[in-house]
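Asks: mmCIF, C-alpha atoms, file model.cif:
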```cif
data_coords
loop_
_atom_site.label_atom_id
_atom_site.label_comp_id
_atom_site.auth_asym_id
_atom_site.auth_seq_id
_atom_site.Cartn_x
_atom_site.Cartn_y
_atom_site.Cartn_z
CA MET A 1027 -5.16 -4.28 -58.11
CA ARG A 1028 -6.20 -7.43 -56.25
CA ALA A 1029 -4.39 -6.30 -53.09
CA PHE A 1030 -6.03 -2.88 -53.37
CA PHE A 1031 -9.48 -4.45 -53.75
CA PHE A 1032 -8.86 -6.66 -50.70
CA ALA A 1033 -7.78 -3.66 -48.60
CA LEU A 1034 -10.80 -1.69 -49.79
CA CYS A 1035 -13.16 -4.48 -48.76
CA ILE A 1036 -11.66 -4.55 -45.28
CA ALA A 1037 -12.02 -0.78 -45.02
CA VAL A 1038 -15.73 -0.72 -45.79
CA LEU A 1039 -16.83 -3.77 -43.81
CA PRO A 1040 -18.21 -2.95 -40.35
CA VAL A 1041 -15.99 -4.00 -37.45
CA SER A 1042 -17.52 -6.76 -35.34
CA ALA A 1043 -16.56 -8.48 -32.09
CA GLN A 1044 -14.87 -11.12 -34.25
CA ASP A 1045 -12.50 -8.44 -35.56
CA ARG A 1046 -11.57 -6.47 -32.44
CA VAL A 1047 -8.57 -7.40 -30.29
CA LEU A 1048 -8.31 -5.86 -26.84
CA CYS A 1049 -4.71 -4.60 -26.60
CA LEU A 1050 -3.43 -3.97 -23.08
CA TYR A 1051 -0.69 -1.58 -21.99
CA LYS A 1052 0.38 0.02 -18.68
CA SER A 1053 0.62 3.80 -18.51
CA GLY A 1054 2.72 3.13 -15.40
CA GLU A 1055 5.41 1.99 -17.81
CA GLN A 1056 5.40 5.42 -19.48
CA THR A 1057 3.34 4.19 -22.41
CA SER A 1058 0.05 5.38 -23.89
CA ALA A 1059 -2.66 4.20 -26.28
CA GLN A 1060 -0.71 5.78 -29.13
CA GLY A 1061 2.75 4.82 -27.89
CA ASN A 1062 3.21 1.24 -26.72
CA GLU A 1063 4.85 -1.94 -27.99
CA ILE A 1064 1.66 -3.29 -29.55
CA ALA A 1065 0.98 -0.03 -31.40
CA TRP A 1066 4.58 0.15 -32.59
CA HIS A 1067 5.25 -3.45 -33.54
CA LEU A 1068 2.00 -5.42 -33.93
CA ALA A 1069 -0.84 -3.08 -34.90
CA LYS A 1070 0.07 -2.82 -38.57
CA THR A 1071 0.15 -6.60 -38.97
CA LEU A 1072 -3.08 -7.01 -36.99
CA ARG A 1073 -4.84 -4.62 -39.36
CA GLU A 1074 -3.40 -6.36 -42.41
CA LEU A 1075 -4.97 -9.56 -41.07
CA GLY A 1076 -8.35 -7.86 -40.61
CA PHE A 1077 -8.17 -7.29 -36.85
CA GLU A 1078 -8.84 -3.94 -35.21
CA PRO A 1079 -6.76 -3.09 -32.08
CA LEU A 1080 -8.72 -1.65 -29.18
CA TYR A 1081 -6.35 -0.22 -26.56
CA HIS A 1082 -6.85 -0.25 -22.79
CA ASP A 1083 -4.66 0.99 -19.94
CA VAL A 1084 -4.63 -1.64 -17.18
CA SER A 1085 -2.83 0.79 -14.87
CA ALA A 1086 -6.17 2.59 -14.71
CA GLY A 1087 -8.18 -0.58 -14.06
CA LEU A 1088 -9.54 -3.62 -15.83
CA PRO A 1089 -11.75 -3.37 -18.93
CA SER A 1090 -15.48 -3.47 -18.31
CA PRO A 1091 -17.59 -6.47 -19.36
CA GLU A 1092 -19.21 -4.22 -21.96
CA VAL A 1093 -15.80 -3.68 -23.57
CA THR A 1094 -14.60 -7.28 -23.42
CA ARG A 1095 -17.85 -8.62 -24.90
CA LYS A 1096 -17.03 -6.70 -28.07
CA THR A 1097 -13.68 -8.41 -28.61
CA LEU A 1098 -12.37 -11.64 -30.09
CA GLY A 1099 -9.39 -11.88 -27.78
CA VAL A 1100 -6.88 -10.16 -25.52
CA LEU A 1101 -3.31 -9.23 -26.39
CA SER A 1102 -0.76 -7.85 -23.91
CA TRP A 1103 2.82 -6.64 -24.19
CA PHE A 1104 4.24 -5.37 -20.91
CA ARG A 1105 7.75 -4.34 -19.90
CA THR A 1106 7.69 -5.02 -16.17
CA ALA A 1107 6.53 -7.75 -13.79
CA ALA A 1108 4.49 -5.57 -11.40
CA MET A 1109 0.85 -4.51 -11.75
CA PRO A 1110 -1.74 -2.91 -9.46
CA GLN A 1111 -3.97 -5.69 -8.10
CA ALA A 1112 -2.00 -8.34 -9.96
CA GLY A 1113 -4.05 -11.20 -8.52
CA ARG A 1114 -7.27 -9.67 -9.74
CA TYR A 1115 -5.77 -9.24 -13.21
CA VAL A 1116 -4.76 -12.92 -13.35
CA ARG A 1117 -8.30 -13.99 -12.42
CA TRP A 1118 -9.73 -11.62 -15.04
CA LEU A 1119 -7.50 -13.16 -17.73
CA ALA A 1120 -8.63 -16.64 -16.69
CA ASP A 1121 -12.24 -15.46 -17.04
CA GLN A 1122 -11.52 -14.30 -20.60
CA LEU A 1123 -10.33 -17.79 -21.51
CA ALA A 1124 -13.37 -19.33 -19.83
CA GLU A 1125 -15.62 -17.08 -21.93
CA GLY A 1126 -13.98 -18.30 -25.12
CA ARG A 1127 -11.61 -15.43 -25.89
CA ARG A 1128 -8.06 -16.12 -27.04
CA VAL A 1129 -5.26 -14.56 -24.98
CA LEU A 1130 -1.82 -13.72 -26.38
CA VAL A 1131 1.03 -12.68 -24.07
CA PHE A 1132 4.03 -10.85 -25.49
CA GLY A 1133 7.05 -9.49 -23.60
CA ASN A 1134 6.72 -9.73 -19.83
CA PHE A 1135 3.57 -11.37 -18.47
CA GLY A 1136 3.31 -8.24 -16.37
CA ALA A 1137 1.48 -9.54 -13.29
CA PHE A 1138 3.91 -11.63 -11.28
CA GLN A 1139 4.02 -8.98 -8.54
CA ASP A 1140 1.48 -6.67 -6.91
CA ALA A 1141 2.68 -3.12 -7.52
CA LYS A 1142 1.11 -1.75 -4.33
CA THR A 1143 2.17 -4.35 -1.79
CA GLU A 1144 5.33 -5.40 -3.71
CA SER A 1145 4.50 -9.01 -2.85
CA TRP A 1146 5.04 -11.70 -5.48
CA LEU A 1147 2.12 -13.90 -6.43
CA GLU A 1148 2.32 -17.57 -5.53
CA ASP A 1149 2.77 -20.00 -8.40
CA ASP A 1150 -0.75 -21.31 -7.87
CA GLU A 1151 -2.16 -17.80 -8.30
CA VAL A 1152 -0.26 -17.25 -11.56
CA ASN A 1153 -1.43 -20.66 -12.78
CA LEU A 1154 -5.08 -19.66 -12.49
CA PHE A 1155 -4.38 -18.20 -15.94
CA PHE A 1156 -1.44 -20.17 -17.32
CA ARG A 1157 -2.83 -23.66 -16.80
CA PRO A 1158 -6.03 -22.96 -18.80
CA LEU A 1159 -3.83 -21.34 -21.45
CA GLY A 1160 -1.85 -24.57 -21.76
CA TRP A 1161 1.30 -24.17 -19.65
CA GLN A 1162 2.13 -24.51 -15.96
CA PHE A 1163 4.29 -21.86 -14.33
CA ASN A 1164 6.77 -23.34 -11.84
CA GLY A 1165 9.11 -20.44 -11.20
CA ARG A 1166 12.67 -21.76 -10.66
CA TYR A 1167 14.18 -18.55 -11.99
CA THR A 1168 17.86 -18.24 -12.79
CA GLU A 1169 20.10 -15.88 -14.73
CA ASP A 1170 23.12 -18.19 -14.46
CA PRO A 1171 24.18 -18.69 -18.10
CA SER A 1172 26.19 -21.79 -17.21
CA VAL A 1173 23.03 -23.79 -16.40
CA ILE A 1174 20.64 -22.51 -19.11
CA ARG A 1175 20.52 -24.24 -22.46
CA VAL A 1176 18.30 -24.17 -25.51
CA GLU A 1177 16.56 -27.54 -25.43
CA ARG A 1178 14.64 -27.28 -28.69
CA LEU A 1179 13.87 -24.83 -31.49
CA HIS A 1180 11.02 -25.55 -33.86
CA PRO A 1181 12.01 -25.37 -37.56
CA LEU A 1182 9.65 -22.40 -37.92
CA VAL A 1183 12.03 -20.44 -35.67
CA ASP A 1184 14.67 -18.56 -37.63
CA ALA A 1185 17.55 -19.43 -35.29
CA ALA A 1186 20.35 -18.46 -37.67
CA ALA A 1187 19.21 -14.85 -37.95
CA HIS A 1188 18.80 -14.56 -34.17
CA HIS A 1189 21.75 -16.63 -32.97
CA GLU A 1190 22.67 -14.29 -30.11
CA LEU A 1191 19.25 -14.84 -28.50
CA PHE A 1192 19.86 -18.56 -28.37
CA GLU A 1193 23.62 -18.74 -27.90
CA LYS A 1194 23.43 -16.73 -24.67
CA PRO A 1195 19.98 -17.18 -23.07
CA ALA A 1196 19.27 -14.24 -20.77
CA TYR A 1197 17.29 -16.05 -18.08
CA TYR A 1198 15.18 -19.11 -17.30
CA LEU A 1199 11.65 -19.42 -15.91
CA GLU A 1200 9.76 -22.67 -16.10
CA PHE A 1201 6.58 -22.87 -18.15
CA ARG A 1202 5.84 -26.58 -18.52
CA SER A 1203 3.81 -27.52 -21.59
CA LEU A 1204 0.59 -29.31 -20.60
CA LEU A 1205 -1.32 -30.00 -23.81
CA PRO A 1206 -0.45 -32.41 -26.65
CA ALA A 1207 -1.88 -29.82 -29.06
CA ASN A 1208 0.59 -27.14 -27.93
CA LEU A 1209 3.14 -25.99 -30.47
CA ASP A 1210 6.24 -25.15 -28.41
CA LEU A 1211 8.53 -23.05 -30.59
CA VAL A 1212 11.34 -22.08 -28.21
CA VAL A 1213 12.10 -24.46 -25.33
CA LEU A 1214 14.79 -23.96 -22.68
CA SER A 1215 15.98 -26.25 -19.90
CA ARG A 1216 18.38 -26.20 -16.95
CA ARG A 1217 21.48 -28.36 -16.81
CA ASP A 1218 21.29 -28.48 -13.01
CA LEU A 1219 17.65 -29.61 -12.79
CA PRO A 1220 16.02 -32.77 -14.17
CA ASP A 1221 12.82 -32.58 -16.23
CA SER A 1222 13.08 -28.81 -16.64
CA ARG A 1223 11.83 -28.11 -20.16
CA SER A 1224 10.30 -24.67 -20.35
CA THR A 1225 8.41 -23.01 -23.21
CA MET A 1226 9.37 -19.40 -23.85
CA VAL A 1227 7.48 -19.09 -27.14
CA GLY A 1228 4.50 -21.22 -28.06
CA VAL A 1229 0.94 -21.52 -29.35
CA SER A 1230 -1.87 -23.42 -27.65
CA PRO A 1231 -5.49 -24.08 -28.69
CA TYR A 1232 -6.44 -21.13 -26.46
CA GLY A 1233 -3.85 -18.47 -27.34
CA ALA A 1234 -0.13 -17.95 -27.40
CA MET A 1235 2.84 -16.55 -25.53
CA ALA A 1236 6.10 -15.01 -26.67
CA LEU A 1237 8.26 -14.07 -23.70
CA SER A 1238 11.06 -11.52 -23.89
CA PRO A 1239 13.63 -11.64 -25.27
CA TYR A 1240 13.17 -14.99 -26.99
CA PHE A 1241 10.82 -13.92 -29.78
CA CYS A 1242 12.56 -10.96 -31.41
CA SER A 1243 15.83 -9.13 -31.83
CA GLU A 1244 16.46 -5.44 -32.47
CA SER A 1245 18.58 -3.80 -35.10
CA GLY A 1246 18.59 -0.07 -35.80
CA GLY A 1247 15.44 0.44 -33.74
CA GLU A 1248 13.48 -2.14 -35.73
CA LEU A 1249 12.32 -5.48 -34.33
CA ALA A 1250 12.91 -8.72 -36.23
CA PHE A 1251 10.74 -11.61 -35.06
CA VAL A 1252 12.04 -15.17 -34.87
CA PHE A 1253 8.85 -16.41 -36.56
CA SER A 1254 6.37 -15.25 -39.18
CA LEU A 1255 4.46 -12.62 -37.23
CA LYS A 1256 1.36 -12.98 -39.41
CA ASP A 1257 1.21 -16.73 -38.92
CA PHE A 1258 1.86 -16.45 -35.19
CA LEU A 1259 -0.91 -13.89 -34.66
CA LEU A 1260 -3.37 -15.87 -36.75
CA ALA A 1261 -2.51 -19.07 -34.91
CA GLY A 1262 -2.96 -17.41 -31.53
CA LEU A 1263 -6.15 -15.55 -32.38
CA LYS A 1264 -8.02 -17.94 -34.66
CA GLN A 1265 -6.25 -20.89 -36.22
CA ALA A 1266 -4.25 -22.94 -33.75
CA SER A 1267 -3.12 -25.30 -36.52
CA ARG A 1268 -1.78 -22.47 -38.69
CA LEU A 1269 1.85 -22.99 -37.62
CA LYS A 1270 1.91 -26.77 -37.72
CA ARG A 1271 3.62 -26.99 -41.07
CA GLY A 1272 7.07 -27.79 -39.67
CA GLN A 1273 8.38 -30.70 -37.65
CA GLN A 1274 9.91 -30.24 -34.21
CA ARG A 1275 13.53 -31.13 -33.70
#
```
How does the structure come out when it is put into structure tokens?

Replies:
Amino acid sequence: MRAFFFALCIAVLPVSAQDRVLCLYKSGEQTSAQGNEIAWHLAKTLRELGFEPLYHDVSAGLPSPEVTRKTLGVLSWFRTAAMPQAGRYVRWLADQLAEGRRVLVFGNFGAFQDAKTESWLEDDEVNLFFRPLGWQFNGRYTEDPSVIRVERLHPLVDAAAHHELFEKPAYYLEFRSLLPANLDLVVLSRRDLPDSRSTMVGVSPYGAMALSPYFCSESGGELAFVFSLKDFLLAGLKQASRLKRGQQR
């Protein structure tokens, strides 16, 4: 009865800017507002937490200021690295942080490469967004499994249930943690490079990122997250201290 009453209250309250989350997808990845990773895997939990997803196709252009003003934060989950006008998108994301909105990145960041010119953005361009978020992107990509290791897993990460993710890391990109307040949940490093700690999953005071494939595994078509999805979304969208109940190891 209590759960029903709580759900009923959420249903009748008017949705405000503090409730809406702007959820980005790319129709160029053969997805739609009804069929995308956020709709499939995150929307139900967002609604349970009292957030209302508002979908936008970035393949068709960036959201207008009128749309973004009505949202608490921005959430993306892309499959590929290329985007039309990728540099403009990165600057737009940085503007969202500057205006006080939280930004959560799931999957592929989605804007490392300009889809029209096929040119890759420079690290400094990508960092127009990532540095204000709390991490510095340094590239240094490798798929060589012999040099990639799991440097640290936070106790809130369910490593045992997702051992294949961490026993055989798929790739390495460097995202160096910048802020003492960051909670770095999954950290990789390279055996062949000094000082190469890289956060693949983490929460900052300004949002969060969970980069594929280090935040979930799939079984029978269902995704199993390496963390409490509710706590992670709340920490990224509103309460940065929400996940700080464990101790790093």

Asks: Env of Leu1080 (chain A): 7 Å cut, atoms = all atoms listed in the file, seq-sep filter 3 positions within chain, self excluded. Answer as a PyMOL selection string.

Replies: chain A and resi 1046-1049

Asks: May I have the residues at most 8 Å from (20.1, -22.9, -22.1) in the file's coordinates, counting all atoms listed in the file, as a PDB file with C-alpha atoms, in the frame of the given file?

Replies:
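Saved result, result-v4.pdb, follows:
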```pdb
ATOM      1  CA  PRO A1171      24.180 -18.690 -18.100  1.00  0.00           C
ATOM      2  CA  SER A1172      26.190 -21.790 -17.210  1.00  0.00           C
ATOM      3  CA  VAL A1173      23.030 -23.790 -16.400  1.00  0.00           C
ATOM      4  CA  ILE A1174      20.640 -22.510 -19.110  1.00  0.00           C
ATOM      5  CA  ARG A1175      20.520 -24.240 -22.460  1.00  0.00           C
ATOM      6  CA  VAL A1176      18.300 -24.170 -25.510  1.00  0.00           C
ATOM      7  CA  GLU A1177      16.560 -27.540 -25.430  1.00  0.00           C
ATOM      8  CA  PHE A1192      19.860 -18.560 -28.370  1.00  0.00           C
ATOM      9  CA  GLU A1193      23.620 -18.740 -27.900  1.00  0.00           C
ATOM     10  CA  LYS A1194      23.430 -16.730 -24.670  1.00  0.00           C
ATOM     11  CA  PRO A1195      19.980 -17.180 -23.070  1.00  0.00           C
ATOM     12  CA  TYR A1198      15.180 -19.110 -17.300  1.00  0.00           C
ATOM     13  CA  LEU A1214      14.790 -23.960 -22.680  1.00  0.00           C
ATOM     14  CA  SER A1215      15.980 -26.250 -19.900  1.00  0.00           C
ATOM     15  CA  ARG A1216      18.380 -26.200 -16.950  1.00  0.00           C
ATOM     16  CA  ARG A1217      21.480 -28.360 -16.810  1.00  0.00           C
TER      17      ARG A1217
END
```

Asks: Run the PyMOL selection byres ((chain A and resi 1143) around 12) mentally over the shown coordinates, then write out the matched residues as a PyMOL selection string, using the chain letters and numbers from the document.

Replies: chain A and resi 1108-1113+1139-1142+1144-1147

Asks: Between CA of Arg1178 (chain A) and CA of Thr1106 (chain A), measure the distance and give it in Å to one decimal.

Replies: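 Result for CA of Arg1178 (chain A) versus CA of Thr1106 (chain A): 26.5 Å, one decimal.
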
Asks: So which residues get picked by the PyMOL selection byres ((chain A and resi 1235-1248) around 9) here, written as a PyMOL selection string?

Replies: chain A and resi 1067+1105+1129-1135+1183+1188+1190-1192+1195-1196+1212+1225-1230+1233-1234+1249-1253+1262

Asks: Let me see the file: selected residues, C-alpha atoms, as a short mmCIF file (atom, residue, chain, number, x, y, z; two decimals), keeping the file's coordinate frame.

Replies:
```cif
data_model
loop_
_atom_site.label_atom_id
_atom_site.label_comp_id
_atom_site.auth_asym_id
_atom_site.auth_seq_id
_atom_site.Cartn_x
_atom_site.Cartn_y
_atom_site.Cartn_z
CA HIS A 1067 5.25 -3.45 -33.54
CA ARG A 1105 7.75 -4.34 -19.90
CA VAL A 1129 -5.26 -14.56 -24.98
CA LEU A 1130 -1.82 -13.72 -26.38
CA VAL A 1131 1.03 -12.68 -24.07
CA PHE A 1132 4.03 -10.85 -25.49
CA GLY A 1133 7.05 -9.49 -23.60
CA ASN A 1134 6.72 -9.73 -19.83
CA PHE A 1135 3.57 -11.37 -18.47
CA VAL A 1183 12.03 -20.44 -35.67
CA HIS A 1188 18.80 -14.56 -34.17
CA GLU A 1190 22.67 -14.29 -30.11
CA LEU A 1191 19.25 -14.84 -28.50
CA PHE A 1192 19.86 -18.56 -28.37
CA PRO A 1195 19.98 -17.18 -23.07
CA ALA A 1196 19.27 -14.24 -20.77
CA VAL A 1212 11.34 -22.08 -28.21
CA THR A 1225 8.41 -23.01 -23.21
CA MET A 1226 9.37 -19.40 -23.85
CA VAL A 1227 7.48 -19.09 -27.14
CA GLY A 1228 4.50 -21.22 -28.06
CA VAL A 1229 0.94 -21.52 -29.35
CA SER A 1230 -1.87 -23.42 -27.65
CA GLY A 1233 -3.85 -18.47 -27.34
CA ALA A 1234 -0.13 -17.95 -27.40
CA LEU A 1249 12.32 -5.48 -34.33
CA ALA A 1250 12.91 -8.72 -36.23
CA PHE A 1251 10.74 -11.61 -35.06
CA VAL A 1252 12.04 -15.17 -34.87
CA PHE A 1253 8.85 -16.41 -36.56
CA GLY A 1262 -2.96 -17.41 -31.53
#
```

Asks: Between A:Glu1074, A:Asp1210, A:Glu1151, A:Glu1063, which one has atoms that come closest to Leu1259 (chain A), using all atoms listed in the file?

Replies: A:Glu1074

Asks: Report the distance between CA of Thr1097 (chain A) and CA of Lys1264 (chain A) in Å, rounded to one decimal place.

Replies: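 One can read the CA of Thr1097 (chain A) to CA of Lys1264 (chain A) distance as 12.6 Å.
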
Asks: Do you have the CA of Asn1208 (chain A)-CA of Ser1222 (chain A) distance handy?

Replies: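 Taking CA of Asn1208 (chain A) as the start and CA of Ser1222 (chain A) as the end point, the length is 16.9 Å.
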
Asks: I'd like to see the residues matched by the PyMOL selection byres ((chain A and resi 1118) around 12) on this file, and ideally I'd get them as JSON, numbers by chain.

Replies: {"A": [1084, 1087, 1088, 1089, 1090, 1091, 1094, 1100, 1111, 1112, 1113, 1114, 1115, 1116, 1117, 1119, 1120, 1121, 1122, 1123, 1124, 1125, 1127, 1129, 1137, 1151, 1152, 1154, 1155]}

Asks: Quick one: of A:Ala1185, A:Leu1199, A:Leu1179, A:Leu1260, who's nearest to Val1213 (chain A), counting all atoms listed in the file?

Replies: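 Ranking A:Ala1185, A:Leu1199, A:Leu1179, A:Leu1260 by distance to Val1213 (chain A), first place goes to A:Leu1179.
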
Asks: Skipping near chain neighbours, those fewer than 6 positions away, what residues fall within 9 Å of Asp1083 (chain A) using all atoms listed in the file, listed as a compact mmCIF listing (two decimals) with C-alpha atoms, in the coordinates of the input?

Replies:
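Dumped to selection_11.txt:
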```txt
# COMPACT_ATOMS: atom_id res chain seq x y z
CA CYS A 1049 -4.71 -4.60 -26.60
CA LEU A 1050 -3.43 -3.97 -23.08
CA TYR A 1051 -0.69 -1.58 -21.99
CA LYS A 1052 0.38 0.02 -18.68
CA SER A 1053 0.62 3.80 -18.51
CA GLY A 1054 2.72 3.13 -15.40
CA THR A 1057 3.34 4.19 -22.41
CA SER A 1058 0.05 5.38 -23.89
CA ALA A 1059 -2.66 4.20 -26.28
CA PRO A 1089 -11.75 -3.37 -18.93
```

Asks: Select, from A:Tyr1167, A:Tyr1232, A:Trp1103, A:Tyr1197, the residue with the minimum atom-to-atom distance to Glu1055 (chain A), counting only C-alpha atoms.

Replies: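 Of A:Tyr1167, A:Tyr1232, A:Trp1103, A:Tyr1197, the one nearest Glu1055 (chain A) is A:Trp1103, counting only C-alpha atoms.
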
Asks: Taking into account all atoms listed in the file, which residue in the set A:Gly1160, A:Thr1168, A:Asp1045, A:Leu1209 is nearest to Leu1075 (chain A)?

Replies: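 Comparing A:Gly1160, A:Thr1168, A:Asp1045, A:Leu1209 against Leu1075 (chain A), the winner is A:Asp1045.
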
Asks: Of the candidates A:Arg1166, A:Arg1128, A:Arg1095, A:Lys1256, which one gets nearest to Lys1070 (chain A) if we count all atoms listed in the file?

Replies: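 Comparing A:Arg1166, A:Arg1128, A:Arg1095, A:Lys1256 against Lys1070 (chain A), the winner is A:Lys1256.
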
Asks: Determine the axis-aligned bounding box of all atoms of region 1112-1128 of chain A present in the file, pad each side by 4 Å, and express its centre and edge lengths in Å to one decimal place as lines of an AutoDock Vina configuration file.

Replies:
```
center_x = -8.8
center_y = -13.8
center_z = -17.8
size_x = 21.6
size_y = 19.0
size_z = 26.5
```
